[in-house]
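J.: Next comes the structure file data-v2.cif, holding mmCIF, C-alpha atoms.
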data_query
loop_
_atom_site.group_PDB
_atom_site.id
_atom_site.type_symbol
_atom_site.label_atom_id
_atom_site.label_comp_id
_atom_site.auth_asym_id
_atom_site.auth_seq_id
_atom_site.Cartn_x
_atom_site.Cartn_y
_atom_site.Cartn_z
ATOM 1 C CA MET A 295 16.746 15.756 -9.402
ATOM 2 C CA GLY A 296 15.407 15.137 -5.892
ATOM 3 C CA ASN A 297 15.617 11.977 -3.851
ATOM 4 C CA SER A 298 12.975 10.383 -1.662
ATOM 5 C CA CYS A 299 13.307 8.763 1.747
ATOM 6 C CA VAL A 300 10.635 6.158 0.963
ATOM 7 C CA THR A 301 11.345 2.690 2.272
ATOM 8 C CA GLY A 302 10.479 -0.420 0.347
ATOM 9 C CA SER A 303 11.340 -4.010 -0.367
ATOM 10 C CA ASP A 304 14.972 -4.994 -0.512
ATOM 11 C CA LEU A 305 15.441 -7.662 -3.165
ATOM 12 C CA SER A 306 18.632 -8.812 -1.507
ATOM 13 C CA ASN A 307 16.495 -9.987 1.440
ATOM 14 C CA GLN A 308 14.144 -12.099 -0.666
ATOM 15 C CA GLY A 309 16.253 -15.213 -0.032
ATOM 16 C CA GLN A 310 16.795 -15.836 -3.721
ATOM 17 C CA ARG A 311 16.457 -13.916 -6.969
ATOM 18 C CA GLN A 312 13.188 -14.675 -8.695
ATOM 19 C CA VAL A 313 11.990 -13.764 -12.164
ATOM 20 C CA THR A 314 8.231 -13.474 -12.341
ATOM 21 C CA ASN A 315 6.682 -13.984 -15.764
ATOM 22 C CA GLY A 316 3.087 -13.878 -14.581
ATOM 23 C CA ALA A 317 0.289 -11.496 -15.587
ATOM 24 C CA MET A 318 1.308 -8.003 -16.670
ATOM 25 C CA THR A 319 1.148 -5.419 -13.914
ATOM 26 C CA THR A 320 0.159 -1.815 -14.636
ATOM 27 C CA PHE A 321 0.209 1.590 -12.960
ATOM 28 C CA LYS A 322 -2.097 4.262 -14.408
ATOM 29 C CA TRP A 323 -1.591 7.942 -13.564
ATOM 30 C CA THR A 324 -4.358 10.413 -14.438
ATOM 31 C CA ILE A 325 -3.576 14.152 -14.478
ATOM 32 C CA ASP A 326 -6.790 16.098 -13.817
ATOM 33 C CA GLY A 327 -6.162 19.795 -14.448
ATOM 34 C CA PHE A 328 -3.314 19.523 -16.936
ATOM 35 C CA SER A 329 -3.502 23.193 -17.941
ATOM 36 C CA SER A 330 -2.908 24.226 -14.330
ATOM 37 C CA LEU A 331 0.224 22.074 -14.281
ATOM 38 C CA LEU A 332 1.448 23.897 -17.392
ATOM 39 C CA GLU A 333 1.160 27.190 -15.526
ATOM 40 C CA LYS A 334 3.532 26.025 -12.798
ATOM 41 C CA SER A 335 7.271 26.560 -12.989
ATOM 42 C CA ASN A 336 9.113 24.242 -15.345
ATOM 43 C CA GLY A 337 10.269 20.943 -13.860
ATOM 44 C CA TRP A 338 9.288 17.412 -12.912
ATOM 45 C CA THR A 339 6.124 16.364 -11.086
ATOM 46 C CA TYR A 340 6.247 12.995 -9.344
ATOM 47 C CA SER A 341 3.492 10.440 -8.814
ATOM 48 C CA SER A 342 3.076 8.817 -5.432
ATOM 49 C CA ALA A 343 5.347 5.857 -4.848
ATOM 50 C CA PHE A 344 3.755 2.644 -6.107
ATOM 51 C CA GLN A 345 4.864 -0.914 -5.563
ATOM 52 C CA ILE A 346 5.080 -3.336 -8.466
ATOM 53 C CA ARG A 347 6.351 -6.840 -7.811
ATOM 54 C CA GLY A 348 7.975 -5.961 -4.540
ATOM 55 C CA VAL A 349 9.785 -2.847 -5.772
ATOM 56 C CA ASN A 350 8.906 0.835 -5.221
ATOM 57 C CA TRP A 351 8.738 3.081 -8.289
ATOM 58 C CA TYR A 352 7.732 6.592 -9.375
ATOM 59 C CA LEU A 353 6.455 8.019 -12.608
ATOM 60 C CA LYS A 354 7.533 11.599 -13.206
ATOM 61 C CA LEU A 355 6.199 14.064 -15.753
ATOM 62 C CA ASN A 356 7.657 17.228 -17.264
ATOM 63 C CA PRO A 357 4.964 19.027 -19.326
ATOM 64 C CA ARG A 358 7.425 21.486 -20.883
ATOM 65 C CA ASP A 359 10.539 19.470 -21.665
ATOM 66 C CA THR A 360 12.827 20.365 -24.560
ATOM 67 C CA LYS A 361 15.254 18.487 -26.760
ATOM 68 C CA SER A 362 18.750 19.784 -27.321
ATOM 69 C CA GLY A 363 18.833 22.398 -30.073
ATOM 70 C CA ARG A 364 15.044 22.472 -30.571
ATOM 71 C CA LYS A 365 12.473 25.068 -29.546
ATOM 72 C CA GLU A 366 9.498 22.688 -29.582
ATOM 73 C CA GLU A 367 8.178 21.681 -26.154
ATOM 74 C CA TYR A 368 7.510 18.051 -25.249
ATOM 75 C CA VAL A 369 5.600 16.217 -22.533
ATOM 76 C CA SER A 370 8.104 13.755 -21.081
ATOM 77 C CA LEU A 371 7.234 10.694 -18.989
ATOM 78 C CA ASN A 372 9.993 8.891 -17.071
ATOM 79 C CA LEU A 373 10.109 5.911 -14.733
ATOM 80 C CA GLU A 374 12.331 6.053 -11.653
ATOM 81 C CA LEU A 375 13.314 3.415 -9.133
ATOM 82 C CA ALA A 376 12.807 4.682 -5.578
ATOM 83 C CA GLN A 377 16.187 5.356 -4.071
ATOM 84 C CA SER A 378 15.779 3.441 -0.822
ATOM 85 C CA GLY A 379 13.621 0.714 -2.353
ATOM 86 C CA VAL A 380 16.739 -1.373 -2.993
ATOM 87 C CA LYS A 381 20.355 -1.357 -1.933
ATOM 88 C CA SER A 382 22.776 0.544 -4.125
ATOM 89 C CA SER A 383 24.414 -2.741 -5.134
ATOM 90 C CA THR A 384 21.128 -4.316 -6.272
ATOM 91 C CA VAL A 385 20.179 -4.361 -9.940
ATOM 92 C CA VAL A 386 16.480 -4.636 -10.861
ATOM 93 C CA GLU A 387 15.876 -5.930 -14.364
ATOM 94 C CA ALA A 388 12.541 -4.921 -15.897
ATOM 95 C CA SER A 389 10.782 -5.234 -19.234
ATOM 96 C CA LEU A 390 7.981 -2.726 -19.671
ATOM 97 C CA LYS A 391 5.909 -0.461 -21.916
ATOM 98 C CA PHE A 392 4.962 3.173 -21.396
ATOM 99 C CA LEU A 393 1.314 4.033 -22.067
ATOM 100 C CA ILE A 394 -0.838 7.027 -22.943
ATOM 101 C CA TYR A 395 -4.607 6.648 -22.986
ATOM 102 C CA ASP A 396 -6.676 7.601 -26.054
ATOM 103 C CA GLN A 397 -9.956 8.819 -24.554
ATOM 104 C CA LEU A 398 -11.727 9.049 -27.921
ATOM 105 C CA TYR A 399 -11.261 5.376 -28.754
ATOM 106 C CA GLY A 400 -10.979 4.027 -25.206
ATOM 107 C CA LYS A 401 -7.637 2.307 -25.608
ATOM 108 C CA ASP A 402 -4.003 2.656 -24.632
ATOM 109 C CA HIS A 403 -1.327 3.695 -27.083
ATOM 110 C CA GLU A 404 1.740 1.644 -26.223
ATOM 111 C CA GLN A 405 5.370 2.432 -26.685
ATOM 112 C CA GLN A 406 7.489 -0.450 -27.956
ATOM 113 C CA GLN A 407 8.540 -2.798 -25.188
ATOM 114 C CA VAL A 408 11.865 -1.867 -23.600
ATOM 115 C CA SER A 409 14.167 -3.586 -21.117
ATOM 116 C CA HIS A 410 16.260 -1.748 -18.581
ATOM 117 C CA LYS A 411 18.513 -2.494 -15.631
ATOM 118 C CA PHE A 412 17.705 -0.190 -12.715
ATOM 119 C CA GLN A 413 19.851 0.674 -9.753
ATOM 120 C CA ALA A 414 19.104 3.091 -6.901
ATOM 121 C CA THR A 415 17.844 6.452 -8.288
ATOM 122 C CA SER A 416 18.268 5.336 -11.895
ATOM 123 C CA THR A 417 15.724 6.665 -14.379
ATOM 124 C CA LEU A 418 14.376 5.326 -17.661
ATOM 125 C CA THR A 419 13.321 7.960 -20.175
ATOM 126 C CA GLY A 420 9.959 6.928 -21.542
ATOM 127 C CA TRP A 421 7.442 8.832 -23.636
ATOM 128 C CA MET A 422 8.235 12.178 -25.264
ATOM 129 C CA ILE A 423 5.214 13.550 -27.086
ATOM 130 C CA PRO A 424 5.047 17.071 -28.561
ATOM 131 C CA LEU A 425 2.955 19.297 -26.311
ATOM 132 C CA THR A 426 1.001 20.543 -29.326
ATOM 133 C CA LYS A 427 0.046 16.957 -30.222
ATOM 134 C CA LEU A 428 -1.086 16.154 -26.688
ATOM 135 C CA MET A 429 -3.282 19.252 -26.632
ATOM 136 C CA ASP A 430 -4.747 18.594 -30.075
ATOM 137 C CA GLU A 431 -8.349 17.505 -29.429
ATOM 138 C CA THR A 432 -8.247 15.054 -32.338
ATOM 139 C CA SER A 433 -5.484 13.038 -30.649
ATOM 140 C CA GLY A 434 -7.827 11.976 -27.851
ATOM 141 C CA PHE A 435 -5.050 12.266 -25.280
ATOM 142 C CA LEU A 436 -6.359 15.387 -23.512
ATOM 143 C CA ILE A 437 -10.107 15.565 -22.961
ATOM 144 C CA ASN A 438 -11.760 17.963 -20.490
ATOM 145 C CA ASN A 439 -8.313 19.011 -19.265
ATOM 146 C CA CYS A 440 -7.575 15.431 -18.223
ATOM 147 C CA CYS A 441 -5.002 12.926 -19.524
ATOM 148 C CA THR A 442 -3.801 9.488 -18.412
ATOM 149 C CA PHE A 443 -0.312 8.023 -18.603
ATOM 150 C CA GLY A 444 0.919 4.663 -17.421
ATOM 151 C CA VAL A 445 3.522 1.951 -17.354
ATOM 152 C CA GLU A 446 2.922 -1.741 -17.901
ATOM 153 C CA PHE A 447 5.449 -4.145 -16.378
ATOM 154 C CA ILE A 448 5.917 -7.398 -18.252
ATOM 155 C CA ARG A 449 8.897 -8.888 -16.482
ATOM 156 C CA VAL A 450 10.570 -7.806 -13.216
ATOM 157 C CA VAL A 451 13.122 -9.442 -10.951
ATOM 158 C CA GLY A 452 11.105 -9.549 -7.721
ATOM 159 C CA VAL A 453 7.766 -10.572 -6.331
ATOM 160 C CA LYS A 454 4.401 -10.293 -8.050
ATOM 161 C CA GLY A 455 2.195 -7.264 -7.361
ATOM 162 C CA ASN A 456 -1.208 -5.940 -8.384
ATOM 163 C CA ASP A 457 -2.397 -3.301 -10.822
ATOM 164 C CA VAL A 458 -2.503 0.189 -9.317
ATOM 165 C CA SER A 459 -3.933 3.492 -10.555
ATOM 166 C CA GLU A 460 -3.707 7.081 -9.370
ATOM 167 C CA THR A 461 -5.458 10.326 -10.280
ATOM 168 C CA LEU A 462 -3.594 13.591 -9.692
ATOM 169 C CA PHE A 463 -5.818 16.689 -9.336
ATOM 170 C CA ILE A 464 -4.074 20.003 -10.044
ATOM 171 C CA GLN A 465 -5.652 23.055 -8.375
ATOM 172 C CA ARG A 466 -7.595 25.175 -10.860
ATOM 173 C CA ILE A 467 -8.320 27.997 -8.408
ATOM 174 C CA ASN A 468 -6.453 29.600 -5.552
ATOM 175 C CA ASN A 469 -6.912 28.091 -2.130
ATOM 176 C CA ILE A 470 -5.573 29.079 1.271
ATOM 177 C CA CYS A 471 -2.237 27.415 0.587
ATOM 178 C CA ASN A 472 -1.659 28.004 -3.098
ATOM 179 C CA ASP A 473 0.857 30.673 -2.091
ATOM 180 C CA PRO A 474 4.020 29.398 -0.382
ATOM 181 C CA GLN A 475 4.328 29.514 3.394
ATOM 182 C CA VAL A 476 7.814 29.929 4.835
ATOM 183 C CA TYR A 477 9.851 28.555 7.737
ATOM 184 C CA ASN A 478 13.412 29.551 8.675
ATOM 185 C CA TRP A 479 15.697 27.303 10.706
ATOM 186 C CA ASP A 480 18.545 29.242 12.323
ATOM 187 C CA ILE A 481 21.468 26.975 13.222
ATOM 188 C CA ASP A 482 23.822 28.536 15.770
ATOM 189 C CA ASP A 483 26.641 26.011 15.504
ATOM 190 C CA PHE A 484 26.842 23.921 12.353
ATOM 191 C CA PHE A 485 29.860 22.020 13.616
ATOM 192 C CA VAL A 486 28.031 20.371 16.533
ATOM 193 C CA LEU A 487 25.398 18.817 14.254
ATOM 194 C CA LYS A 488 25.316 15.040 14.059
ATOM 195 C CA ASN A 489 25.199 13.383 10.649
ATOM 196 C CA ARG A 490 21.477 13.385 10.711
ATOM 197 C CA SER A 491 20.084 16.304 12.590
ATOM 198 C CA THR A 492 16.495 17.502 12.617
ATOM 199 C CA SER A 493 14.992 20.952 12.833
ATOM 200 C CA PRO A 494 12.291 21.821 15.349
ATOM 201 C CA GLU A 495 8.855 20.734 14.171
ATOM 202 C CA PHE A 496 6.958 23.472 12.320
ATOM 203 C CA GLU A 497 3.522 23.850 10.696
ATOM 204 C CA LEU A 498 2.928 25.034 7.126
ATOM 205 C CA CYS A 499 -0.199 24.632 5.000
ATOM 206 C CA GLY A 500 -1.990 22.709 7.747
ATOM 207 C CA ASN A 501 0.665 20.007 8.040
ATOM 208 C CA LYS A 502 3.570 19.481 10.426
ATOM 209 C CA TRP A 503 7.056 19.291 8.957
ATOM 210 C CA PHE A 504 10.710 19.108 9.845
ATOM 211 C CA ILE A 505 13.965 19.470 7.929
ATOM 212 C CA ASN A 506 16.628 16.773 7.982
ATOM 213 C CA ILE A 507 20.236 17.800 7.457
ATOM 214 C CA TYR A 508 23.189 15.485 6.912
ATOM 215 C CA PRO A 509 26.218 17.781 7.407
ATOM 216 C CA TYR A 510 28.584 15.292 5.767
ATOM 217 C CA GLY A 511 26.184 13.738 3.266
ATOM 218 C CA ARG A 512 23.523 11.086 3.577
ATOM 219 C CA ASP A 513 25.931 8.605 2.020
ATOM 220 C CA LYS A 514 28.632 9.817 4.464
ATOM 221 C CA ASN A 515 31.132 10.554 1.693
ATOM 222 C CA GLY A 516 32.105 13.808 3.392
ATOM 223 C CA ASN A 517 31.973 15.903 0.215
ATOM 224 C CA TYR A 518 28.359 17.098 0.135
ATOM 225 C CA LEU A 519 25.693 18.392 2.486
ATOM 226 C CA SER A 520 22.286 16.644 2.173
ATOM 227 C CA LEU A 521 18.929 18.296 2.910
ATOM 228 C CA TYR A 522 15.420 16.794 3.066
ATOM 229 C CA LEU A 523 11.928 18.033 3.877
ATOM 230 C CA THR A 524 9.824 15.535 5.845
ATOM 231 C CA MET A 525 6.095 15.660 6.556
ATOM 232 C CA LYS A 526 5.020 14.157 9.868
ATOM 233 C CA ALA A 527 2.580 11.248 9.558
ATOM 234 C CA SER A 528 -1.014 12.340 10.131
ATOM 235 C CA ASN A 529 -4.253 10.531 10.935
ATOM 236 C CA THR A 530 -6.280 13.269 9.210
ATOM 237 C CA TYR A 531 -5.379 11.896 5.753
ATOM 238 C CA HIS A 532 -7.277 9.100 4.062
ATOM 239 C CA GLU A 533 -5.133 6.034 3.379
ATOM 240 C CA ASN A 534 -5.138 6.531 -0.407
ATOM 241 C CA ILE A 535 -5.018 10.340 -0.553
ATOM 242 C CA ALA A 536 -1.881 12.457 -1.002
ATOM 243 C CA ASN A 537 -1.150 16.159 -1.442
ATOM 244 C CA LEU A 538 0.916 17.451 -4.343
ATOM 245 C CA VAL A 539 3.342 19.878 -2.725
ATOM 246 C CA GLU A 540 5.533 22.415 -4.462
ATOM 247 C CA PHE A 541 8.381 23.175 -2.105
ATOM 248 C CA SER A 542 11.863 24.609 -1.918
ATOM 249 C CA ILE A 543 14.797 24.377 0.448
ATOM 250 C CA SER A 544 17.349 27.191 0.559
ATOM 251 C CA ILE A 545 20.602 27.842 2.361
ATOM 252 C CA LYS A 546 20.576 31.587 2.783
ATOM 253 C CA GLY A 547 23.515 33.792 1.943
ATOM 254 C CA GLN A 548 23.648 35.770 5.161
ATOM 255 C CA GLU A 549 25.930 38.512 3.881
ATOM 256 C CA THR A 550 25.521 38.344 0.108
ATOM 257 C CA GLY A 551 21.735 37.945 -0.116
ATOM 258 C CA LYS A 552 22.326 35.169 -2.676
ATOM 259 C CA HIS A 553 20.823 31.842 -1.682
ATOM 260 C CA LYS A 554 21.438 28.258 -2.698
ATOM 261 C CA LYS A 555 17.951 27.055 -3.597
ATOM 262 C CA MET A 556 16.516 23.757 -4.836
ATOM 263 C CA THR A 557 12.852 23.204 -5.730
ATOM 264 C CA GLY A 558 10.669 20.140 -6.145
ATOM 265 C CA ARG A 559 7.102 19.058 -6.807
ATOM 266 C CA PHE A 560 6.303 15.845 -4.947
ATOM 267 C CA GLN A 561 3.503 14.038 -3.126
ATOM 268 C CA PHE A 562 3.096 13.630 0.625
ATOM 269 C CA SER A 563 0.517 11.287 2.173
ATOM 270 C CA LYS A 564 -0.905 9.925 5.442
ATOM 271 C CA ASN A 565 2.326 8.125 6.203
ATOM 272 C CA GLY A 566 4.269 11.337 5.739
ATOM 273 C CA GLY A 567 6.970 11.450 3.170
ATOM 274 C CA CYS A 568 10.492 12.681 2.744
ATOM 275 C CA TRP A 569 11.989 14.429 -0.282
ATOM 276 C CA GLY A 570 15.208 16.275 -0.823
ATOM 277 C CA TRP A 571 18.685 16.191 -2.273
ATOM 278 C CA ASN A 572 21.633 13.942 -1.454
ATOM 279 C CA LYS A 573 24.041 16.403 -3.031
ATOM 280 C CA PHE A 574 22.401 19.698 -2.136
ATOM 281 C CA ILE A 575 25.693 21.594 -2.057
ATOM 282 C CA SER A 576 29.350 20.658 -1.869
ATOM 283 C CA LEU A 577 30.908 21.283 1.534
ATOM 284 C CA GLU A 578 33.606 23.279 -0.207
ATOM 285 C CA ASP A 579 31.032 25.760 -1.564
ATOM 286 C CA PHE A 580 29.059 25.763 1.681
ATOM 287 C CA LYS A 581 32.115 26.704 3.745
ATOM 288 C CA ASP A 582 33.510 29.210 1.234
ATOM 289 C CA PRO A 583 33.388 32.571 3.104
ATOM 290 C CA SER A 584 32.701 34.491 -0.111
ATOM 291 C CA ASN A 585 29.293 32.748 -0.460
ATOM 292 C CA GLY A 586 28.124 33.753 3.025
ATOM 293 C CA TYR A 587 26.279 30.474 3.652
ATOM 294 C CA LEU A 588 28.301 29.730 6.792
ATOM 295 C CA VAL A 589 29.285 32.759 8.861
ATOM 296 C CA LYS A 590 31.599 31.639 11.643
ATOM 297 C CA THR A 591 29.421 28.786 12.944
ATOM 298 C CA LYS A 592 25.988 30.079 11.927
ATOM 299 C CA CYS A 593 23.775 29.223 8.959
ATOM 300 C CA CYS A 594 20.095 29.580 8.060
ATOM 301 C CA ILE A 595 17.967 27.082 6.137
ATOM 302 C CA GLU A 596 14.635 28.165 4.667
ATOM 303 C CA SER A 597 11.780 25.956 3.521
ATOM 304 C CA GLN A 598 8.804 27.119 1.459
ATOM 305 C CA VAL A 599 5.703 24.944 1.048
ATOM 306 C CA ALA A 600 2.596 25.296 -1.156
ATOM 307 C CA VAL A 601 -0.124 22.689 -1.771
ATOM 308 C CA ILE A 602 -1.036 22.787 -5.477
ATOM 309 C CA GLY A 603 -3.031 19.570 -5.901
ATOM 310 C CA SER A 604 -3.989 16.160 -4.562
ATOM 311 C CA SER A 605 -4.034 12.563 -5.724
ATOM 312 C CA LYS A 606 -6.088 9.454 -5.127
ATOM 313 C CA THR A 607 -4.770 5.919 -5.535
ATOM 314 C CA GLU A 608 -7.169 3.075 -6.262
#
Would you mind writing the structure in this file as structure tokens?
T.:
Amino acid sequence: MGNSCVTGSDLSNQGQRQVTNGAMTTFKWTIDGFSSLLEKSNGWTYSSAFQIRGVNWYLKLNPRDTKSGRKEEYVSLNLELAQSGVKSSTVVEASLKFLIYDQLYGKDHEQQQVSHKFQATSTLTGWMIPLTKLMDETSGFLINNCCTFGVEFIRVVGVKGNDVSETLFIQRINNICNDPQVYNWDIDDFFVLKNRSTSPEFELCGNKWFINIYPYGRDKNGNYLSLYLTMKASNTYHENIANLVEFSISIKGQETGKHKKMTGRFQFSKNGGCWGWNKFISLEDFKDPSNGYLVKTKCCIESQVAVIGSSKTE
């Protein structure tokens, strides 16, 4: 699972812990072009970060999830607390319902209310619906290749927010950046890197990017190397528009041809965005000569970027 660099409210700085029992607060996420999402490689697709009652969250969707020991595929919907939205020691208590919209009858189907205690990067497993049921026209969940999921917050430790909705458009046809574009960052001396070093700025798919590396881990535990892809903030984006980007980061095996590769499918917007992995690779594996990732002092990090959709938040 990837981690974001999004910044958000820190409940420990609110002065006191508050429990808000006001009006329910909802985030709706519409997937326009669901069949195109099914054609992508298996894995999780994230919504844009949204703020509910002072806390940053994500919904994430896997259209081809499986249960242990079963062949049937499921559409899974999870809720995740943004990693840097709160301190690691902060616990966010929330009561909520997951939603899926019935387009035939114009109403939400609600999951039973659940309560959960979230900490940084913790995830709540929500809806798991058989893919065949979602795609059955009589269910009303998927109409004209479009479906809507959501989460309704009933009680959260934090400040009150407003209802938010987002529509995610998955590309139905090839465009100029549907195929990945590639950048390689050659590092001559890994051992002189500071514990947050940045690649030269590079341009892929019409946007400017850079790679962040934490040679001894973002949490400075000294056991793992952390890698993140960051998009530079741009004035060419509308405030409420984001691009759905399918990307990968690899540490190349310089002698073996075998690479350590992680992939993600996340959204980047006007204010940029930062996604990656706290524990990309253990330093023990990275420095193991048999893997060829680090040859004397040299290593090479590759990033691939493709834009496969866009979203609009209202």
J.: Identify which of the residues A:Ile602, A:Leu418, A:Cys594, A:Leu523 lies closest to Trp479 of chain A, counting all atoms listed in the file when measuring atom-to-atom distances.
T.: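 For Trp479 of chain A, the nearest of the candidates is A:Cys594.
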J.: When you look at Asn439 of chain A with a cut-off of 12 Å (counting only C-alpha atoms), what residues show up, excluding the ones that are within fewer than 2 positions of it in the same chain? I need them as a PyMOL selection string.
T.: chain A and resi 324-332+397+428-431+434-437+441-442+462-466
J.: Here's the selection I'm unsure about, the PyMOL selection byres ((chain A and resi 502) around 10); applied to the file above, which residues does it give, as JSON, numbers by chain?
T.: {"A": [495, 496, 497, 498, 499, 500, 501, 503, 504, 524, 525, 526, 527, 528, 566]}
J.: Can you list what the PyMOL selection byres ((chain A and resi 606) around 8) grabs from this structure, as a PDB file with C-alpha atoms, in the frame of the given file?
T.:
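Saved to result.pdb:
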ATOM      1  CA  GLU A 460      -3.707   7.081  -9.370  1.00  0.00           C
ATOM      2  CA  THR A 461      -5.458  10.326 -10.280  1.00  0.00           C
ATOM      3  CA  LEU A 462      -3.594  13.591  -9.692  1.00  0.00           C
ATOM      4  CA  ASN A 534      -5.138   6.531  -0.407  1.00  0.00           C
ATOM      5  CA  ILE A 535      -5.018  10.340  -0.553  1.00  0.00           C
ATOM      6  CA  ALA A 536      -1.881  12.457  -1.002  1.00  0.00           C
ATOM      7  CA  SER A 604      -3.989  16.160  -4.562  1.00  0.00           C
ATOM      8  CA  SER A 605      -4.034  12.563  -5.724  1.00  0.00           C
ATOM      9  CA  THR A 607      -4.770   5.919  -5.535  1.00  0.00           C
ATOM     10  CA  GLU A 608      -7.169   3.075  -6.262  1.00  0.00           C
TER      11      GLU A 608
END
J.: Which residue out of A:His532, A:Lys590, A:Lys354, A:Arg559 has the minimum interatomic distance to Asn372 of chain A when all atoms listed in the file are used?
T.: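 Answer, going by the shortest atom-to-atom distance: A:Lys354.
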J.: Exactly which residues make up the result of the PyMOL selection byres ((chain A and resi 491-493) around 7) on this file, given as a ChimeraX atom specification?
T.: /A:479,487-490,494-495,504-508
J.: Box for segment 433-445 of chain A: with edges along x, y and z, all listed atoms inside and 8 Å added on each side, what are the centre and edge lengths in Å to one decimal, as lines of an AutoDock Vina configuration file?
T.:
center_x = -4.1
center_y = 10.5
center_z = -24.0
size_x = 31.3
size_y = 33.1
size_z = 29.3
J.: Atom CA of Trp338 of chain A and atom CA of Lys564 of chain A are how many Å apart?
T.: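 These atoms are spaced 22.3 Å apart.
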J.: At a cut-off of 12 Å, using all atoms listed in the file, what residues contact Thr557 of chain A? Leave out same-chain residues fewer than 5 positions from it and give the result as a PyMOL selection string.
T.: chain A and resi 295-297+335-339+521-523+539-544+569-571+574+596-600
J.: Select, from A:Cys440, A:Leu390, A:Val450, A:Leu371, the residue with the minimum atom-to-atom distance to Val349 of chain A, counting all atoms listed in the file.
T.: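 Closest to Val349 of chain A of all the choices is A:Val450.
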J.: Would you mind listing what lies within 10 Å of Leu519 of chain A as a ChimeraX atom specification, with all atoms listed in the file counted and same-chain residues fewer than 2 positions away left out?
T.: /A:489,507-517,521,571-580
J.: Calculate how many Å separate atom CA of Ser409 of chain A from atom CA of Lys391 of chain A, rounding to one decimal.
T.: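 Those two atoms sit 8.9 Å apart.
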J.: Suppose you want the space between atom CA of Glu374 of chain A and atom CA of Glu446 of chain A; what is it in Å?
T.: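 Between these atoms lies a distance of 13.7 Å.
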J.: Counting only C-alpha atoms, write as a PyMOL selection string all protein and nucleic acid residues lying at most 9 Å from (25.6, 27.3, 4.6) in the file's frame.
T.: chain A and resi 484+545-548+554+575+577+579-582+585-589+592-595
J.: Just to be explicit: take each residue in the selection above, keep C-alpha atoms, and write the result as a PDB file, keeping the file's coordinate frame.
T.:
ATOM      1  CA  PHE A 484      26.842  23.921  12.353  1.00  0.00           C
ATOM      2  CA  ILE A 545      20.602  27.842   2.361  1.00  0.00           C
ATOM      3  CA  LYS A 546      20.576  31.587   2.783  1.00  0.00           C
ATOM      4  CA  GLY A 547      23.515  33.792   1.943  1.00  0.00           C
ATOM      5  CA  GLN A 548      23.648  35.770   5.161  1.00  0.00           C
ATOM      6  CA  LYS A 554      21.438  28.258  -2.698  1.00  0.00           C
ATOM      7  CA  ILE A 575      25.693  21.594  -2.057  1.00  0.00           C
ATOM      8  CA  LEU A 577      30.908  21.283   1.534  1.00  0.00           C
ATOM      9  CA  ASP A 579      31.032  25.760  -1.564  1.00  0.00           C
ATOM     10  CA  PHE A 580      29.059  25.763   1.681  1.00  0.00           C
ATOM     11  CA  LYS A 581      32.115  26.704   3.745  1.00  0.00           C
ATOM     12  CA  ASP A 582      33.510  29.210   1.234  1.00  0.00           C
ATOM     13  CA  ASN A 585      29.293  32.748  -0.460  1.00  0.00           C
ATOM     14  CA  GLY A 586      28.124  33.753   3.025  1.00  0.00           C
ATOM     15  CA  TYR A 587      26.279  30.474   3.652  1.00  0.00           C
ATOM     16  CA  LEU A 588      28.301  29.730   6.792  1.00  0.00           C
ATOM     17  CA  VAL A 589      29.285  32.759   8.861  1.00  0.00           C
ATOM     18  CA  LYS A 592      25.988  30.079  11.927  1.00  0.00           C
ATOM     19  CA  CYS A 593      23.775  29.223   8.959  1.00  0.00           C
ATOM     20  CA  CYS A 594      20.095  29.580   8.060  1.00  0.00           C
ATOM     21  CA  ILE A 595      17.967  27.082   6.137  1.00  0.00           C
TER      22      ILE A 595
END
J.: Measuring atom to atom with all atoms listed in the file, identify which of A:Gln406, A:Asn478, A:Thr419, A:Ser341 is nearest to Asp359 of chain A.
T.: A:Thr419
J.: Between A:Ser370, A:Ser433, A:Ser342, A:Thr384, which has the minimum distance to Leu355 of chain A (counting only C-alpha atoms)?
T.: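 Residue with the minimum atom-to-atom distance to Leu355 of chain A: A:Ser370.
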J.: Write out as number ranges by chain which residues come within 8 Å of His410 of chain A when counting only C-alpha atoms, dropping same-chain ones fewer than 5 positions away.
T.: A: 387-389, 418
J.: Give me a file of those residues, with C-alpha atoms, as a PDB file, in the coordinates of the input.
T.:
ATOM      1  CA  GLU A 387      15.876  -5.930 -14.364  1.00  0.00           C
ATOM      2  CA  ALA A 388      12.541  -4.921 -15.897  1.00  0.00           C
ATOM      3  CA  SER A 389      10.782  -5.234 -19.234  1.00  0.00           C
ATOM      4  CA  LEU A 418      14.376   5.326 -17.661  1.00  0.00           C
TER       5      LEU A 418
END
J.: Using only C-alpha atoms, which of A:Asp396, A:Glu333, A:Ser459, A:Pro424 sits nearest Lys365 of chain A?
T.: A:Pro424
